[in-house]
$ cat target_30.cif   # mmCIF, C-alpha atoms
data_entry
loop_
_atom_site.label_atom_id
_atom_site.label_comp_id
_atom_site.auth_asym_id
_atom_site.auth_seq_id
_atom_site.Cartn_x
_atom_site.Cartn_y
_atom_site.Cartn_z
CA MET A 1 -50.81 53.28 -78.13
CA THR A 2 -52.43 50.10 -79.32
CA GLY A 3 -53.43 46.84 -77.71
CA ALA A 4 -54.43 48.37 -74.38
CA ASP A 5 -58.15 47.65 -74.41
CA THR A 6 -58.05 45.57 -71.28
CA ALA A 7 -55.63 47.39 -69.06
CA THR A 8 -53.93 45.32 -66.42
CA PRO A 9 -50.62 46.07 -64.73
CA THR A 10 -48.60 44.00 -67.20
CA ASP A 11 -50.49 43.88 -70.48
CA LEU A 12 -48.47 46.41 -72.48
CA SER A 13 -46.97 43.92 -74.89
CA ALA A 14 -43.86 44.40 -76.94
CA ASP A 15 -45.76 45.45 -80.04
CA ALA A 16 -47.80 48.10 -78.17
CA ALA A 17 -45.22 50.82 -78.46
CA VAL A 18 -45.83 54.45 -77.66
CA GLU A 19 -44.13 56.99 -79.89
CA LEU A 20 -43.55 60.64 -79.13
CA THR A 21 -41.90 63.30 -81.26
CA VAL A 22 -41.10 66.70 -79.78
CA PRO A 23 -38.86 69.63 -80.68
CA ALA A 24 -35.35 68.99 -79.35
CA GLU A 25 -35.66 71.65 -76.66
CA ALA A 26 -35.28 71.40 -72.89
CA ARG A 27 -38.78 72.73 -72.28
CA HIS A 28 -40.21 69.52 -73.73
CA LEU A 29 -38.28 67.12 -71.51
CA ARG A 30 -41.23 67.02 -69.14
CA LEU A 31 -43.31 65.37 -71.86
CA ALA A 32 -40.73 62.61 -72.18
CA ARG A 33 -40.76 62.15 -68.39
CA LEU A 34 -44.53 62.23 -68.16
CA THR A 35 -44.95 59.60 -70.85
CA ALA A 36 -42.40 57.34 -69.19
CA ALA A 37 -44.07 57.72 -65.79
CA SER A 38 -47.49 57.02 -67.25
CA ILE A 39 -46.41 53.81 -68.94
CA ALA A 40 -44.45 52.64 -65.91
CA GLY A 41 -47.47 53.31 -63.71
CA ASP A 42 -49.70 51.26 -66.01
CA LEU A 43 -47.21 48.42 -65.76
CA GLY A 44 -47.29 48.45 -61.98
CA PHE A 45 -43.84 49.90 -61.38
CA ASP A 46 -43.47 51.10 -57.82
CA LEU A 47 -42.89 54.79 -57.11
CA ASP A 48 -39.13 54.45 -56.71
CA ALA A 49 -38.80 52.71 -60.06
CA ILE A 50 -41.00 55.32 -61.73
CA GLU A 51 -38.85 58.10 -60.30
CA ASP A 52 -35.73 56.31 -61.47
CA LEU A 53 -37.15 56.05 -64.97
CA ARG A 54 -38.09 59.75 -65.01
CA VAL A 55 -34.53 60.67 -64.11
CA ALA A 56 -33.03 58.25 -66.62
CA ILE A 57 -35.06 59.45 -69.61
CA ASP A 58 -34.52 63.06 -68.61
CA GLU A 59 -30.75 62.70 -68.45
CA LEU A 60 -30.48 60.95 -71.79
CA CYS A 61 -32.83 63.35 -73.54
CA ALA A 62 -30.99 66.33 -72.05
CA ALA A 63 -27.65 65.04 -73.28
CA ALA A 64 -29.05 64.17 -76.70
CA ILE A 65 -30.56 67.61 -77.34
CA GLU A 66 -27.49 69.52 -76.16
CA GLY A 67 -26.19 71.68 -78.98
CA THR A 68 -28.92 70.75 -81.44
CA SER A 69 -30.85 73.34 -83.40
CA ARG A 70 -34.43 74.53 -82.93
CA GLU A 71 -35.48 72.67 -86.05
CA ASP A 72 -34.30 69.30 -84.76
CA ARG A 73 -36.81 66.77 -83.49
CA LEU A 74 -36.43 64.23 -80.73
CA ARG A 75 -38.16 60.98 -81.56
CA LEU A 76 -38.95 58.67 -78.66
CA ARG A 77 -40.25 55.12 -78.68
CA TYR A 78 -41.42 53.45 -75.48
CA HIS A 79 -42.06 49.74 -75.38
CA VAL A 80 -41.92 46.72 -73.15
CA ALA A 81 -39.31 44.04 -73.74
CA ASP A 82 -36.56 42.15 -72.00
CA GLY A 83 -38.45 42.26 -68.74
CA GLY A 84 -38.83 46.01 -68.47
CA ILE A 85 -39.52 49.27 -70.22
CA ILE A 86 -37.21 50.19 -73.05
CA ILE A 87 -37.07 53.74 -74.32
CA GLU A 88 -35.24 54.53 -77.51
CA GLY A 89 -34.53 58.07 -78.60
CA ARG A 90 -33.18 59.53 -81.80
CA ILE A 91 -32.36 62.98 -83.09
CA PRO A 92 -31.68 62.71 -86.78
CA SER A 93 -29.35 65.70 -86.82
CA ALA A 94 -26.11 65.55 -88.75
CA ASP A 95 -24.77 68.79 -87.33
CA ALA A 96 -24.92 68.26 -83.60
CA GLY A 97 -21.83 66.09 -83.27
CA ALA A 98 -21.23 63.34 -80.75
CA PRO A 99 -23.29 63.53 -77.56
CA ASP A 100 -21.62 63.77 -74.19
CA LEU A 101 -22.84 62.95 -70.69
CA HIS A 102 -21.82 65.15 -67.78
CA PRO A 103 -20.11 63.11 -65.04
CA VAL A 104 -22.98 63.87 -62.64
CA ALA A 105 -25.49 62.62 -65.21
CA ARG A 106 -23.40 59.51 -65.78
CA GLU A 107 -23.30 58.90 -62.04
CA LEU A 108 -27.08 59.16 -61.75
CA LEU A 109 -27.70 56.95 -64.77
CA SER A 110 -25.48 54.24 -63.35
CA ILE A 111 -27.88 54.04 -60.41
CA VAL A 112 -31.33 54.72 -61.87
CA ALA A 113 -31.09 52.75 -65.13
CA ASP A 114 -30.57 49.03 -65.52
CA GLU A 115 -28.90 49.61 -68.86
CA TYR A 116 -28.33 52.60 -71.13
CA SER A 117 -26.39 53.81 -74.13
CA LEU A 118 -25.93 57.13 -75.89
CA VAL A 119 -24.06 57.26 -79.17
CA SER A 120 -23.69 59.06 -82.44
CA GLU A 121 -24.79 56.81 -85.26
CA ASP A 122 -25.16 57.54 -88.96
CA GLY A 123 -25.37 61.26 -88.35
CA ALA A 124 -27.96 60.89 -85.62
CA ARG A 125 -27.80 60.97 -81.85
CA VAL A 126 -29.27 57.74 -80.54
CA PHE A 127 -29.94 56.49 -77.03
CA ARG A 128 -31.54 53.54 -75.38
CA VAL A 129 -32.44 52.91 -71.76
CA ARG A 130 -33.97 49.91 -70.04
CA LYS A 131 -35.62 49.91 -66.65
CA ARG A 132 -37.03 46.89 -64.95
CA GLY A 133 -39.86 47.23 -62.46
CA ARG A 134 -39.32 45.49 -59.18
CA ASP A 135 -40.97 42.11 -58.80
CA LEU A 136 -42.67 42.36 -62.17
CA ALA A 137 -43.05 39.49 -64.54
CA ILE A 138 -43.34 41.29 -67.86
CA ASP A 139 -43.46 39.26 -71.02
CA GLY A 140 -42.21 40.96 -74.12
CA MET B 1 -47.34 79.64 -55.36
CA THR B 2 -47.40 76.92 -58.01
CA PRO B 3 -45.79 76.99 -61.43
CA ASP B 4 -48.02 77.47 -64.45
CA SER B 5 -47.78 75.25 -67.49
CA GLU B 6 -45.39 77.62 -69.22
CA GLN B 7 -43.16 78.45 -66.30
CA HIS B 8 -42.44 74.88 -65.08
CA LEU B 9 -40.70 76.27 -61.97
CA THR B 10 -41.60 79.08 -59.63
CA ILE B 11 -39.11 80.49 -57.15
CA SER B 12 -40.49 82.57 -54.29
CA VAL B 13 -38.01 84.74 -52.40
CA ASP B 14 -38.40 85.51 -48.71
CA ARG B 15 -35.78 87.79 -47.18
CA SER B 16 -35.13 88.30 -43.50
CA GLU B 17 -32.12 89.57 -41.63
CA GLY B 18 -29.09 87.60 -42.76
CA GLU B 19 -31.16 84.91 -44.42
CA VAL B 20 -32.86 84.40 -47.76
CA VAL B 21 -35.26 81.55 -48.39
CA LEU B 22 -35.83 80.48 -51.98
CA ALA B 23 -38.94 78.29 -52.16
CA LEU B 24 -39.02 76.13 -55.27
CA ALA B 25 -42.30 74.90 -56.72
CA GLY B 26 -42.19 72.69 -59.79
CA GLU B 27 -39.49 70.91 -61.72
CA LEU B 28 -35.77 71.64 -61.60
CA ASP B 29 -34.35 70.43 -64.90
CA PRO B 30 -32.25 71.75 -67.81
CA HIS B 31 -35.06 74.09 -68.80
CA THR B 32 -35.51 75.67 -65.37
CA ALA B 33 -32.07 75.32 -63.79
CA PRO B 34 -30.91 78.69 -65.20
CA GLN B 35 -33.69 80.36 -63.16
CA LEU B 36 -32.25 79.03 -59.94
CA ASP B 37 -28.72 79.79 -61.10
CA SER B 38 -29.66 83.45 -61.58
CA GLU B 39 -31.31 83.66 -58.17
CA LEU B 40 -28.32 82.14 -56.42
CA GLU B 41 -25.84 84.28 -58.33
CA ALA B 42 -27.68 87.40 -57.21
CA LEU B 43 -27.14 86.36 -53.59
CA THR B 44 -23.38 85.95 -53.79
CA GLY B 45 -20.98 88.76 -53.08
CA GLY B 46 -20.12 91.07 -50.25
CA ASP B 47 -23.65 92.27 -49.50
CA GLY B 48 -25.25 88.87 -49.67
CA PRO B 49 -26.94 87.00 -46.81
CA SER B 50 -25.01 84.74 -44.46
CA ARG B 51 -27.47 81.90 -44.99
CA VAL B 52 -29.43 80.83 -48.07
CA VAL B 53 -32.15 78.23 -47.73
CA LEU B 54 -33.54 76.31 -50.67
CA ASP B 55 -36.98 75.15 -49.59
CA LEU B 56 -37.60 72.08 -51.75
CA THR B 57 -41.03 71.24 -50.36
CA GLY B 58 -42.75 72.02 -53.66
CA MET B 59 -40.07 70.64 -55.95
CA THR B 60 -41.44 67.73 -57.95
CA PHE B 61 -38.40 66.79 -60.03
CA LEU B 62 -34.63 67.08 -59.79
CA ASP B 63 -31.95 65.97 -62.22
CA SER B 64 -28.23 66.47 -62.78
CA ALA B 65 -28.77 69.94 -64.27
CA GLY B 66 -30.44 71.03 -61.04
CA LEU B 67 -27.83 69.30 -58.92
CA ARG B 68 -25.04 71.08 -60.81
CA VAL B 69 -26.65 74.46 -60.14
CA ILE B 70 -26.96 73.60 -56.46
CA ILE B 71 -23.32 72.48 -56.37
CA SER B 72 -22.03 75.62 -58.11
CA GLY B 73 -24.29 77.78 -55.94
CA GLN B 74 -22.96 76.16 -52.80
CA LYS B 75 -19.38 76.83 -53.89
CA ALA B 76 -20.07 80.46 -54.79
CA LEU B 77 -21.91 81.10 -51.54
CA ALA B 78 -19.16 79.45 -49.52
CA GLU B 79 -16.62 81.76 -51.15
CA SER B 80 -18.83 84.66 -50.04
CA GLY B 81 -18.90 83.29 -46.51
CA ALA B 82 -22.51 82.13 -46.72
CA ASP B 83 -24.06 78.74 -46.00
CA LEU B 84 -26.46 76.91 -48.28
CA VAL B 85 -29.20 74.85 -46.67
CA LEU B 86 -31.51 72.41 -48.44
CA ARG B 87 -34.86 72.18 -46.68
CA HIS B 88 -37.47 69.43 -47.01
CA PRO B 89 -36.17 67.47 -50.03
CA ASN B 90 -38.49 64.61 -50.94
CA ASP B 91 -37.24 61.04 -50.85
CA THR B 92 -36.19 61.03 -54.49
CA ALA B 93 -34.29 64.30 -54.21
CA ARG B 94 -32.62 63.12 -51.03
CA ARG B 95 -31.51 59.96 -52.78
CA LEU B 96 -29.97 61.94 -55.65
CA LEU B 97 -28.21 64.19 -53.16
CA GLU B 98 -26.76 61.12 -51.50
CA ILE B 99 -25.72 59.50 -54.79
CA THR B 100 -23.76 62.57 -55.79
CA GLY B 101 -22.32 63.12 -52.32
CA LEU B 102 -23.80 66.60 -52.13
CA VAL B 103 -25.22 65.85 -48.69
CA GLU B 104 -21.68 65.97 -47.38
CA HIS B 105 -21.23 69.58 -48.48
CA VAL B 106 -24.54 71.22 -47.63
CA THR B 107 -26.83 71.16 -44.65
CA VAL B 108 -30.00 69.19 -45.31
CA GLU B 109 -33.00 69.90 -43.11
CA PRO B 110 -35.53 67.05 -43.14
#
$ encode --input "target_30.cif" --output "structure tokens"
Amino acid sequence: MTGADTATPTDLSADAAVELTVPAEARHLRLARLTAASIAGDLGFDLDAIEDLRVAIDELCAAAIEGTSREDRLRLRYHVADGGIIIEGRIPSADAGAPDLHPVARELLSIVADEYSLVSEDGARVFRVRKRGRDLAIDG
Amino acid sequence: MTPDSEQHLTISVDRSEGEVVLALAGELDPHTAPQLDSELEALTGGDGPSRVVLDLTGMTFLDSAGLRVIISGQKALAESGADLVLRHPNDTARRLLEITGLVEHVTVEP
């Protein structure tokens, strides 16, 4: 992370992205959740919004890694823009096929995320989720 | 009992006459959901208890993978004539149970 020398609730600017790369395995989903919660906490998200974000990133990561191989890597980028936290994920695997969301996961995401997408793109699985903190004025 | 960094979820089993309490400590997600699935599957069948309680006091995370195991467990137990009870879900878990409508199919003890 860069640009966080003077931490205030809303000073994680758009160019201060956090990047995380982990093996595309379910055991590492907690790292994705922990990173999201940490950033959201720094930005002053309330507990409900943080919990929503944890669920959202978990569901998208879980769907993205489904059926991938042990050698695949999940690349995550967390940043602040469009008035909230945006998390983008990518698994550059050509063999995994199109990702699919279970109906229960889709139901949860429709509630906990302000916006999300999960697609197959150029041989990679790609997702994006945006979550806005309540009553926050985030510039980005 | 708390989960260690490797285990992510610990399930403690307390058996009494006609009832089994599974106390969850840690995170219920795609990595750990199979643990709970195995525990619940072992309780279904003719010799199983009449009541299974999932004590969620120590559960710190729940997602759709965990919810699906609870849903399938509830169905399997019901077919065996047993009830599934969810005890002490935190606010977040309770909200997810409500979103998915699971609260209408299982008993939730506050």
$ atom_distance --input "target_30.cif" --atom1 "CA of Pro103 (chain A)" --atom2 "CA of Gly89 (chain A)"
20.4 Å
$ closest_atom_pairs --input "target_30.cif" --of "chain B" --to "chain A" --cutoff "6 Å" --atoms "all atoms listed in the file" --output "tab-separated table"
residue	atom	partner	partner_atom	distance
B:Pro30	CA	A:Ala26	CA	5.9
B:His31	CA	A:Ala26	CA	4.9
B:Ser64	CA	A:Ala105	CA	5.3
$ closest_residue --input "target_30.cif" --among "B:Val108, B:Val52, B:Leu28, B:Val21" --to "Gln7 (chain B)" --atoms "only C-alpha atoms"
B:Leu28
$ residues_around --input "target_30.cif" --residues "Gly66 (chain B)" --least-positions-apart "2" --cutoff "7 Å" --atoms "only C-alpha atoms" --output "short mmCIF file (atom, residue, chain, number, x, y, z; two decimals) with C-alpha atoms, in the coordinates of the input"
data_model
loop_
_atom_site.label_atom_id
_atom_site.label_comp_id
_atom_site.auth_asym_id
_atom_site.auth_seq_id
_atom_site.Cartn_x
_atom_site.Cartn_y
_atom_site.Cartn_z
CA LEU B 28 -35.77 71.64 -61.60
CA ASP B 29 -34.35 70.43 -64.90
CA ALA B 33 -32.07 75.32 -63.79
CA LEU B 62 -34.63 67.08 -59.79
CA ASP B 63 -31.95 65.97 -62.22
CA SER B 64 -28.23 66.47 -62.78
CA ARG B 68 -25.04 71.08 -60.81
CA VAL B 69 -26.65 74.46 -60.14
CA ILE B 70 -26.96 73.60 -56.46
#
$ resolve_selection --input "target_30.cif" --expression "the PyMOL selection byres ((chain B and resi 35-49) around 7)" --output "PyMOL selection string"
chain B and resi 18-20+32-34+50-52+69+73+76-77+80+82
$ decode --input "target_30.cif" --residues "region 11-44 of chain B" --atoms "N, CA and C atoms" --output "mmCIF file, in the first residue's frame"
data_model
loop_
_atom_site.group_PDB
_atom_site.id
_atom_site.type_symbol
_atom_site.label_atom_id
_atom_site.label_comp_id
_atom_site.auth_asym_id
_atom_site.auth_seq_id
_atom_site.Cartn_x
_atom_site.Cartn_y
_atom_site.Cartn_z
ATOM 1 N N ILE B 11 -15.133 -27.859 15.314
ATOM 2 C CA ILE B 11 -16.488 -28.289 15.651
ATOM 3 C C ILE B 11 -16.396 -29.215 16.862
ATOM 4 N N SER B 12 -16.967 -28.773 17.966
ATOM 5 C CA SER B 12 -17.008 -29.587 19.181
ATOM 6 C C SER B 12 -18.357 -30.287 19.253
ATOM 7 N N VAL B 13 -18.329 -31.563 19.612
ATOM 8 C CA VAL B 13 -19.557 -32.368 19.624
ATOM 9 C C VAL B 13 -19.916 -32.731 21.062
ATOM 10 N N ASP B 14 -21.138 -32.407 21.446
ATOM 11 C CA ASP B 14 -21.620 -32.735 22.786
ATOM 12 C C ASP B 14 -22.904 -33.561 22.639
ATOM 13 N N ARG B 15 -22.842 -34.797 23.070
ATOM 14 C CA ARG B 15 -23.993 -35.697 22.908
ATOM 15 C C ARG B 15 -24.713 -35.888 24.241
ATOM 16 N N SER B 16 -26.012 -35.819 24.193
ATOM 17 C CA SER B 16 -26.841 -36.182 25.334
ATOM 18 C C SER B 16 -28.012 -36.982 24.787
ATOM 19 N N GLU B 17 -28.873 -37.428 25.643
ATOM 20 C CA GLU B 17 -29.943 -38.308 25.187
ATOM 21 C C GLU B 17 -30.849 -37.607 24.173
ATOM 22 N N GLY B 18 -30.852 -38.117 22.964
ATOM 23 C CA GLY B 18 -31.727 -37.589 21.926
ATOM 24 C C GLY B 18 -31.271 -36.298 21.292
ATOM 25 N N GLU B 19 -30.170 -35.739 21.776
ATOM 26 C CA GLU B 19 -29.733 -34.450 21.250
ATOM 27 C C GLU B 19 -28.219 -34.419 21.048
ATOM 28 N N VAL B 20 -27.807 -33.806 19.968
ATOM 29 C CA VAL B 20 -26.386 -33.581 19.723
ATOM 30 C C VAL B 20 -26.181 -32.092 19.464
ATOM 31 N N VAL B 21 -25.236 -31.511 20.177
ATOM 32 C CA VAL B 21 -24.902 -30.109 19.964
ATOM 33 C C VAL B 21 -23.546 -30.026 19.272
ATOM 34 N N LEU B 22 -23.537 -29.381 18.111
ATOM 35 C CA LEU B 22 -22.297 -29.120 17.391
ATOM 36 C C LEU B 22 -21.957 -27.645 17.595
ATOM 37 N N ALA B 23 -20.889 -27.382 18.327
ATOM 38 C CA ALA B 23 -20.480 -25.997 18.586
ATOM 39 C C ALA B 23 -19.401 -25.600 17.591
ATOM 40 N N LEU B 24 -19.711 -24.583 16.793
ATOM 41 C CA LEU B 24 -18.782 -24.137 15.757
ATOM 42 C C LEU B 24 -17.949 -22.964 16.267
ATOM 43 N N ALA B 25 -16.650 -23.043 16.048
ATOM 44 C CA ALA B 25 -15.765 -21.927 16.391
ATOM 45 C C ALA B 25 -14.884 -21.632 15.184
ATOM 46 N N GLY B 26 -15.047 -20.444 14.620
ATOM 47 C CA GLY B 26 -14.245 -20.079 13.460
ATOM 48 C C GLY B 26 -15.121 -19.721 12.273
ATOM 49 N N GLU B 27 -14.579 -19.939 11.093
ATOM 50 C CA GLU B 27 -15.214 -19.467 9.869
ATOM 51 C C GLU B 27 -15.821 -20.628 9.086
ATOM 52 N N LEU B 28 -17.057 -20.436 8.661
ATOM 53 C CA LEU B 28 -17.741 -21.447 7.855
ATOM 54 C C LEU B 28 -17.786 -20.933 6.416
ATOM 55 N N ASP B 29 -16.906 -21.469 5.595
ATOM 56 C CA ASP B 29 -16.760 -21.003 4.216
ATOM 57 C C ASP B 29 -16.491 -22.207 3.303
ATOM 58 N N PRO B 30 -16.161 -21.992 2.036
ATOM 59 C CA PRO B 30 -15.967 -23.144 1.144
ATOM 60 C C PRO B 30 -14.851 -24.091 1.597
ATOM 61 N N HIS B 31 -13.903 -23.567 2.343
ATOM 62 C CA HIS B 31 -12.814 -24.412 2.825
ATOM 63 C C HIS B 31 -13.251 -25.319 3.972
ATOM 64 N N THR B 32 -14.110 -24.795 4.839
ATOM 65 C CA THR B 32 -14.478 -25.527 6.052
ATOM 66 C C THR B 32 -15.864 -26.176 5.995
ATOM 67 N N ALA B 33 -16.686 -25.765 5.043
ATOM 68 C CA ALA B 33 -18.046 -26.308 4.973
ATOM 69 C C ALA B 33 -18.072 -27.838 4.896
ATOM 70 N N PRO B 34 -17.138 -28.482 4.184
ATOM 71 C CA PRO B 34 -17.159 -29.953 4.153
ATOM 72 C C PRO B 34 -17.016 -30.587 5.540
ATOM 73 N N GLN B 35 -16.339 -29.897 6.475
ATOM 74 C CA GLN B 35 -16.232 -30.423 7.841
ATOM 75 C C GLN B 35 -17.612 -30.549 8.473
ATOM 76 N N LEU B 36 -18.381 -29.471 8.359
ATOM 77 C CA LEU B 36 -19.723 -29.489 8.936
ATOM 78 C C LEU B 36 -20.612 -30.484 8.207
ATOM 79 N N ASP B 37 -20.450 -30.555 6.900
ATOM 80 C CA ASP B 37 -21.237 -31.499 6.102
ATOM 81 C C ASP B 37 -21.016 -32.928 6.608
ATOM 82 N N SER B 38 -19.770 -33.270 6.875
ATOM 83 C CA SER B 38 -19.454 -34.621 7.358
ATOM 84 C C SER B 38 -20.074 -34.879 8.721
ATOM 85 N N GLU B 39 -19.990 -33.876 9.598
ATOM 86 C CA GLU B 39 -20.563 -34.044 10.939
ATOM 87 C C GLU B 39 -22.070 -34.241 10.877
ATOM 88 N N LEU B 40 -22.722 -33.457 10.030
ATOM 89 C CA LEU B 40 -24.182 -33.567 9.929
ATOM 90 C C LEU B 40 -24.585 -34.881 9.274
ATOM 91 N N GLU B 41 -23.827 -35.285 8.274
ATOM 92 C CA GLU B 41 -24.153 -36.540 7.581
ATOM 93 C C GLU B 41 -24.066 -37.722 8.540
ATOM 94 N N ALA B 42 -23.116 -37.655 9.461
ATOM 95 C CA ALA B 42 -22.941 -38.750 10.419
ATOM 96 C C ALA B 42 -24.111 -38.842 11.400
ATOM 97 N N LEU B 43 -24.901 -37.770 11.485
ATOM 98 C CA LEU B 43 -26.007 -37.749 12.445
ATOM 99 C C LEU B 43 -27.344 -38.128 11.823
ATOM 100 N N THR B 44 -27.344 -38.330 10.507
ATOM 101 C CA THR B 44 -28.597 -38.698 9.841
ATOM 102 C C THR B 44 -28.715 -40.219 9.794
#
